[in-house]
Amino acid sequence: MASVSMKAAVTKSILTPSITLRGHRGGIPSISYFPDGQRMISGSYDETARQWDLKAGKEIEEARGDCEGWVFAVAVSRDGRWVVTGGGKNVDLKACEVETRIVKTFGDRSNLVYYIDISADNTLVAVGGERTRIWNLDTGKLVAGPFGDDESVGAVRFSTDSKKLAVKSHSGKRLEVWDIKSQKLDARVGEDGKPLSTFSPVFWTNNDKTIIAAFSFTKDDPIKTIYEFDASTLETVGTPFEGHTKLVTGLTLSFDGALLASASNDDTIKLWALESRPLLASFTAQNLLRLTFSPNSRQLAYTVNTEGDHKICICDTPLDILAKTIAHKKSTLNHLLHVRISFFSLHNSPITIISV
């Protein structure tokens, strides 16, 4: 059976935003879509968390959250019920129920929060910063943590079954997996290195069997390469994603797990096919910080931070890139079907296959 080749020439171009959101007066280190894909929340060094109407292309001003310090992290639950924000030492970790606008405050202001993740079942929130802890969104009670030692944490991520927590250090040179119930360390790779203030996310993939992260095994080198790790051992698997020449500042995975996008200080955004690994496209975009796919993967949003112009750019994911990933997924499915049919043909009575 013929397979679909993914070895296409890499596109080099400039992404043209279809929507540009302006209003923040400082850098924008965190953005998150609502599950309907029509709204977005952003956190900024201008001490605000803002919500945006993407259809209108403007801020929902009545939903703005004014804080007493930098807002490093924002997150929206998968059911759209909760918005969680956190940041500097004078910023409360808050969960706002979207419909009722009821606000809950967790912990104290002494803990810097660099990253927030909400579990797939919308019940737990994990925060990474000076300490890593997990809270129950409904009760407001501490569930687990702190995890590990005093090393600052730059990214956390629940496994899809909410049983494990992946934790990447602030320096980006150490990755850990913790069992949430026992609060015991399952695996660790790397050592603390020179702090580079990297907050690129980590992602569980392949039904929680693997983890994707931008990582460096050398203490003093910038994090330019993206690796896939076996979640049980944290040994690398497969070919790494290579191509960036400077620090990777942002990483995002499409909701169907097909597309990986990365942003770097080398002024490029790169798109990769997660499963088959090829670099599909490389786009020029300067002063990048964070990026994220929309829930349907048809848009790619990223933040640009230049003096006097802090903005969120939203671009359409190139149709040829979407087509390539869809074609590859169909090819993989057809291959698995062929293998399965061949297996049953060998071990059972002859069967007739009718092509429609």
# chains A, B, ... in the order shown; residues from 1 in each chain; ligands from 1

call {"tool": "residues_around", "arguments": {"residues": "A:Ser159", "least_positions_apart": "3", "cutoff": "8 Å", "atoms": "only C-alpha atoms", "output": "list in words"}}
result
Ser119, Ser162, Lys163, Lys164, Leu165, Ala166, Trp204 and Asp208 of chain A

call {"tool": "write_last_selection", "arguments": {"atoms": "C-alpha atoms", "output": "CSV table (one decimal), in the first residue's frame"}}
result
chain,number,residue,atom,x,y,z
A,119,SER,CA,-6.4,19.1,34.9
A,162,SER,CA,-4.5,13.5,36.3
A,163,LYS,CA,-2.3,10.9,38.1
A,164,LYS,CA,1.1,12.3,37.2
A,165,LEU,CA,2.7,15.8,37.0
A,166,ALA,CA,5.5,16.7,34.7
A,204,TRP,CA,2.1,14.6,27.5
A,208,ASP,CA,0.7,9.7,28.5

call {"tool": "closest_atom_pairs", "arguments": {"of": "stretch 62-158 of chain A", "to": "stretch 247-261 of chain A", "cutoff": "12 Å", "atoms": "only C-alpha atoms", "output": "tab-separated table"}}
result
residue	atom	partner	partner_atom	distance
A:Arg78	CA	A:Phe255	CA	11.1
A:Gly154	CA	A:Thr249	CA	11.3
A:Ala155	CA	A:Leu251	CA	11.1

call {"tool": "closest_atom_pairs", "arguments": {"of": "stretch 269-298 of chain A", "to": "stretch 199-202 of chain A", "cutoff": "10 Å", "atoms": "only C-alpha atoms", "output": "tab-separated table"}}
result
residue	atom	partner	partner_atom	distance
A:Leu289	CA	A:Ser200	CA	9.2
A:Arg290	CA	A:Ser200	CA	7.7
A:Leu291	CA	A:Ser200	CA	9.3

call {"tool": "write_last_selection", "arguments": {"atoms": "C-alpha atoms", "output": "PDB file, in the first residue's frame"}}
result
ATOM      1  CA  LEU A 289       7.649  35.241  23.448  1.00  0.00           C
ATOM      2  CA  ARG A 290       4.730  32.767  23.680  1.00  0.00           C
ATOM      3  CA  LEU A 291       2.458  30.967  21.231  1.00  0.00           C
TER       4      LEU A 291
END

call {"tool": "select_by_dssp", "arguments": {"residues": "stretch 64-126 of chain A", "states": "strand (DSSP E)", "output": "short mmCIF file (atom, residue, chain, number, x, y, z; two decimals) with all heavy atoms, in the first residue's frame"}}
result
data_model
loop_
_atom_site.label_atom_id
_atom_site.label_comp_id
_atom_site.auth_asym_id
_atom_site.auth_seq_id
_atom_site.Cartn_x
_atom_site.Cartn_y
_atom_site.Cartn_z
N GLY A 65 -8.84 42.04 34.73
CA GLY A 65 -8.40 41.86 36.11
C GLY A 65 -7.19 42.72 36.39
O GLY A 65 -6.14 42.56 35.76
N ASP A 66 -7.32 43.67 37.31
CA ASP A 66 -6.21 44.53 37.71
C ASP A 66 -5.51 43.91 38.91
O ASP A 66 -6.14 43.58 39.92
CB ASP A 66 -6.71 45.93 38.05
CG ASP A 66 -7.24 46.68 36.84
OD1 ASP A 66 -6.52 46.72 35.83
OD2 ASP A 66 -8.37 47.19 36.90
N VAL A 71 1.66 39.73 35.90
CA VAL A 71 0.87 38.50 35.72
C VAL A 71 1.65 37.60 34.77
O VAL A 71 1.69 37.84 33.56
CB VAL A 71 -0.54 38.82 35.16
CG1 VAL A 71 -1.34 37.52 35.00
CG2 VAL A 71 -1.28 39.79 36.06
N PHE A 72 2.27 36.57 35.34
CA PHE A 72 3.11 35.67 34.56
C PHE A 72 2.31 34.57 33.87
O PHE A 72 2.72 34.08 32.81
CB PHE A 72 4.15 34.99 35.45
CG PHE A 72 5.22 35.90 35.97
CD1 PHE A 72 5.51 35.97 37.32
CD2 PHE A 72 5.96 36.69 35.11
CE1 PHE A 72 6.50 36.79 37.81
CE2 PHE A 72 6.96 37.53 35.58
CZ PHE A 72 7.23 37.57 36.94
N ALA A 73 1.22 34.12 34.49
CA ALA A 73 0.57 32.90 34.02
C ALA A 73 -0.95 33.03 34.03
O ALA A 73 -1.54 33.59 34.96
CB ALA A 73 0.98 31.73 34.91
N VAL A 74 -1.58 32.50 32.97
CA VAL A 74 -3.03 32.42 32.88
C VAL A 74 -3.40 31.05 32.32
O VAL A 74 -2.62 30.43 31.59
CB VAL A 74 -3.64 33.53 31.98
CG1 VAL A 74 -3.35 34.91 32.55
CG2 VAL A 74 -3.12 33.42 30.55
N ALA A 75 -4.59 30.56 32.66
CA ALA A 75 -5.06 29.29 32.13
C ALA A 75 -6.58 29.27 32.16
O ALA A 75 -7.21 29.90 33.01
CB ALA A 75 -4.51 28.12 32.94
N VAL A 76 -7.17 28.54 31.20
CA VAL A 76 -8.62 28.36 31.12
C VAL A 76 -8.90 26.87 31.18
O VAL A 76 -8.25 26.08 30.49
CB VAL A 76 -9.19 28.95 29.82
CG1 VAL A 76 -10.71 28.79 29.79
CG2 VAL A 76 -8.82 30.43 29.68
N TRP A 82 -13.56 27.83 34.45
CA TRP A 82 -12.61 28.52 35.30
C TRP A 82 -11.55 29.27 34.49
O TRP A 82 -11.08 28.79 33.48
CB TRP A 82 -11.87 27.53 36.21
CG TRP A 82 -12.73 26.79 37.17
CD1 TRP A 82 -13.16 25.50 37.05
CD2 TRP A 82 -13.25 27.27 38.41
NE1 TRP A 82 -13.91 25.13 38.14
CE2 TRP A 82 -14.00 26.21 38.99
CE3 TRP A 82 -13.18 28.49 39.08
CZ2 TRP A 82 -14.64 26.34 40.21
CZ3 TRP A 82 -13.82 28.62 40.30
CH2 TRP A 82 -14.54 27.56 40.86
N VAL A 83 -11.18 30.45 35.00
CA VAL A 83 -10.01 31.18 34.54
C VAL A 83 -9.10 31.34 35.75
O VAL A 83 -9.55 31.82 36.80
CB VAL A 83 -10.37 32.56 33.97
CG1 VAL A 83 -9.12 33.40 33.77
CG2 VAL A 83 -11.11 32.41 32.65
N VAL A 84 -7.84 30.93 35.62
CA VAL A 84 -6.90 31.00 36.74
C VAL A 84 -5.73 31.90 36.35
O VAL A 84 -5.19 31.80 35.24
CB VAL A 84 -6.39 29.61 37.14
CG1 VAL A 84 -5.49 29.69 38.37
CG2 VAL A 84 -7.57 28.66 37.41
N THR A 85 -5.33 32.78 37.26
CA THR A 85 -4.23 33.71 37.00
C THR A 85 -3.28 33.73 38.19
O THR A 85 -3.68 33.51 39.34
CB THR A 85 -4.74 35.14 36.76
OG1 THR A 85 -5.48 35.60 37.91
CG2 THR A 85 -5.66 35.20 35.54
N GLY A 86 -2.01 34.02 37.90
CA GLY A 86 -1.01 34.12 38.95
C GLY A 86 0.20 34.89 38.44
O GLY A 86 0.33 35.14 37.24
N GLY A 87 1.10 35.24 39.36
CA GLY A 87 2.27 36.01 38.93
C GLY A 87 3.25 36.29 40.03
O GLY A 87 3.67 35.39 40.76
N LEU A 93 -2.85 34.15 43.63
CA LEU A 93 -3.27 33.08 42.74
C LEU A 93 -4.79 33.02 42.82
O LEU A 93 -5.35 32.71 43.86
CB LEU A 93 -2.65 31.75 43.16
CG LEU A 93 -3.09 30.51 42.37
CD1 LEU A 93 -2.66 30.61 40.92
CD2 LEU A 93 -2.55 29.24 43.01
N LYS A 94 -5.46 33.33 41.70
CA LYS A 94 -6.91 33.46 41.71
C LYS A 94 -7.55 32.53 40.69
O LYS A 94 -7.02 32.34 39.59
CB LYS A 94 -7.33 34.89 41.39
CG LYS A 94 -6.94 35.93 42.42
CD LYS A 94 -7.42 37.31 41.98
CE LYS A 94 -7.05 38.38 42.99
NZ LYS A 94 -7.51 39.72 42.55
N ALA A 95 -8.72 32.00 41.05
CA ALA A 95 -9.56 31.25 40.12
C ALA A 95 -10.90 31.97 40.05
O ALA A 95 -11.56 32.17 41.07
CB ALA A 95 -9.75 29.82 40.58
N CYS A 96 -11.28 32.36 38.85
CA CYS A 96 -12.54 33.06 38.65
C CYS A 96 -13.51 32.14 37.90
O CYS A 96 -13.17 31.63 36.83
CB CYS A 96 -12.32 34.35 37.86
SG CYS A 96 -13.84 35.24 37.44
N GLU A 97 -14.69 31.93 38.47
CA GLU A 97 -15.73 31.18 37.79
C GLU A 97 -16.36 32.10 36.75
O GLU A 97 -16.91 33.16 37.10
CB GLU A 97 -16.76 30.67 38.78
CG GLU A 97 -17.65 29.60 38.22
CD GLU A 97 -18.49 28.92 39.30
OE1 GLU A 97 -18.73 29.55 40.35
OE2 GLU A 97 -18.90 27.77 39.08
N VAL A 103 -14.75 34.83 42.63
CA VAL A 103 -13.29 34.69 42.63
C VAL A 103 -12.83 33.98 43.90
O VAL A 103 -13.24 34.33 45.01
CB VAL A 103 -12.60 36.06 42.52
CG1 VAL A 103 -11.08 35.91 42.59
CG2 VAL A 103 -12.99 36.74 41.20
N LYS A 104 -11.97 32.98 43.71
CA LYS A 104 -11.35 32.27 44.84
C LYS A 104 -9.86 32.58 44.85
O LYS A 104 -9.23 32.67 43.80
CB LYS A 104 -11.56 30.77 44.72
CG LYS A 104 -13.02 30.33 44.76
CD LYS A 104 -13.12 28.81 44.65
CE LYS A 104 -14.57 28.36 44.69
NZ LYS A 104 -14.68 26.88 44.63
N THR A 105 -9.30 32.73 46.05
CA THR A 105 -7.88 33.00 46.20
C THR A 105 -7.22 31.81 46.88
O THR A 105 -7.74 31.28 47.87
CB THR A 105 -7.64 34.27 47.03
OG1 THR A 105 -8.28 35.37 46.37
CG2 THR A 105 -6.16 34.57 47.14
N PHE A 106 -6.07 31.39 46.35
CA PHE A 106 -5.37 30.22 46.86
C PHE A 106 -4.03 30.64 47.45
O PHE A 106 -3.32 31.48 46.88
CB PHE A 106 -5.10 29.22 45.74
CG PHE A 106 -6.34 28.73 45.04
CD1 PHE A 106 -6.87 29.45 43.98
CD2 PHE A 106 -6.96 27.58 45.43
CE1 PHE A 106 -8.00 29.01 43.33
CE2 PHE A 106 -8.09 27.12 44.79
CZ PHE A 106 -8.62 27.85 43.74
N VAL A 113 4.46 32.64 40.89
CA VAL A 113 3.83 31.66 40.02
C VAL A 113 4.24 31.95 38.58
O VAL A 113 3.93 33.01 38.04
CB VAL A 113 2.29 31.70 40.15
CG1 VAL A 113 1.64 30.78 39.12
CG2 VAL A 113 1.88 31.29 41.55
N TYR A 114 4.94 31.01 37.96
CA TYR A 114 5.40 31.18 36.59
C TYR A 114 4.53 30.42 35.58
O TYR A 114 4.51 30.77 34.40
CB TYR A 114 6.84 30.70 36.44
CG TYR A 114 7.86 31.52 37.18
CD1 TYR A 114 8.80 30.91 38.01
CD2 TYR A 114 7.89 32.91 37.04
CE1 TYR A 114 9.75 31.67 38.69
CE2 TYR A 114 8.84 33.67 37.73
CZ TYR A 114 9.76 33.04 38.55
OH TYR A 114 10.68 33.78 39.23
N TYR A 115 3.87 29.35 36.04
CA TYR A 115 3.11 28.53 35.11
C TYR A 115 1.92 27.91 35.82
O TYR A 115 1.99 27.56 37.00
CB TYR A 115 3.98 27.42 34.51
CG TYR A 115 3.43 26.90 33.20
CD1 TYR A 115 3.84 27.45 31.99
CD2 TYR A 115 2.49 25.88 33.18
CE1 TYR A 115 3.32 27.00 30.79
CE2 TYR A 115 1.96 25.42 31.98
CZ TYR A 115 2.38 25.98 30.79
OH TYR A 115 1.86 25.54 29.60
N ILE A 116 0.81 27.79 35.08
CA ILE A 116 -0.43 27.22 35.61
C ILE A 116 -0.95 26.18 34.63
O ILE A 116 -0.95 26.41 33.42
CB ILE A 116 -1.50 28.31 35.81
CG1 ILE A 116 -1.07 29.33 36.86
CG2 ILE A 116 -2.84 27.69 36.21
CD1 ILE A 116 -1.97 30.55 36.94
N ASP A 117 -1.40 25.04 35.16
CA ASP A 117 -2.08 24.05 34.33
C ASP A 117 -3.32 23.55 35.06
O ASP A 117 -3.29 23.40 36.29
CB ASP A 117 -1.16 22.87 34.00
CG ASP A 117 -1.79 21.91 32.99
OD1 ASP A 117 -2.38 22.41 32.00
OD2 ASP A 117 -1.71 20.69 33.19
N ILE A 118 -4.39 23.29 34.33
CA ILE A 118 -5.63 22.78 34.89
C ILE A 118 -5.84 21.37 34.35
O ILE A 118 -5.65 21.11 33.16
CB ILE A 118 -6.82 23.69 34.52
CG1 ILE A 118 -6.59 25.10 35.07
CG2 ILE A 118 -8.13 23.11 35.06
CD1 ILE A 118 -7.64 26.11 34.63
N LEU A 124 -8.61 20.20 39.21
CA LEU A 124 -7.36 20.52 39.88
C LEU A 124 -6.59 21.60 39.12
O LEU A 124 -6.66 21.66 37.90
CB LEU A 124 -6.48 19.28 40.02
CG LEU A 124 -7.07 18.07 40.74
CD1 LEU A 124 -6.12 16.89 40.64
CD2 LEU A 124 -7.36 18.39 42.20
N VAL A 125 -5.85 22.41 39.87
CA VAL A 125 -4.96 23.38 39.25
C VAL A 125 -3.56 23.19 39.83
O VAL A 125 -3.39 23.11 41.05
CB VAL A 125 -5.45 24.84 39.45
CG1 VAL A 125 -5.62 25.18 40.93
CG2 VAL A 125 -4.50 25.82 38.78
N ALA A 126 -2.58 23.06 38.95
CA ALA A 126 -1.18 22.94 39.35
C ALA A 126 -0.47 24.24 39.04
O ALA A 126 -0.68 24.84 37.99
CB ALA A 126 -0.50 21.78 38.62
#

call {"tool": "closest_residue", "arguments": {"among": "A:Asn206, A:Thr16, A:Ser32, A:Asn265", "to": "A:Phe293", "atoms": "only C-alpha atoms"}}
result
A:Ser32

call {"tool": "residues_around", "arguments": {"residues": "A:Thr210", "least_positions_apart": "2", "cutoff": "9 Å", "atoms": "only C-alpha atoms", "output": "ChimeraX atom specification"}}
result
/A:203-208,212,228-232,234,237

call {"tool": "closest_residue", "arguments": {"among": "A:Ile321, A:Leu21, A:Leu54, A:Cys67", "to": "A:Ser294", "atoms": "only C-alpha atoms"}}
result
A:Leu54

call {"tool": "closest_residue", "arguments": {"among": "A:Val177, A:Thr292, A:Val127, A:Thr268", "to": "A:Ala144", "atoms": "only C-alpha atoms"}}
result
A:Val127

call {"tool": "atom_distance", "arguments": {"atom1": "atom CA of A:Asp266", "atom2": "atom CA of A:Glu151"}}
result
27.4 Å

call {"tool": "residues_around", "arguments": {"residues": "A:Ile314", "least_positions_apart": "5", "cutoff": "12 Å", "atoms": "only C-alpha atoms", "output": "count of residues only"}}
result
31

call {"tool": "atom_distance", "arguments": {"atom1": "atom CA of A:Ile269", "atom2": "atom CA of A:Tyr227"}}
result
16.8 Å

call {"tool": "atom_distance", "arguments": {"atom1": "atom CA of A:Gly172", "atom2": "atom CA of A:Arg188"}}
result
12.8 Å

call {"tool": "closest_residue", "arguments": {"among": "A:Thr160, A:Pro318, A:Gly148, A:Gly43", "to": "A:Lys184", "atoms": "only C-alpha atoms"}}
result
A:Gly148
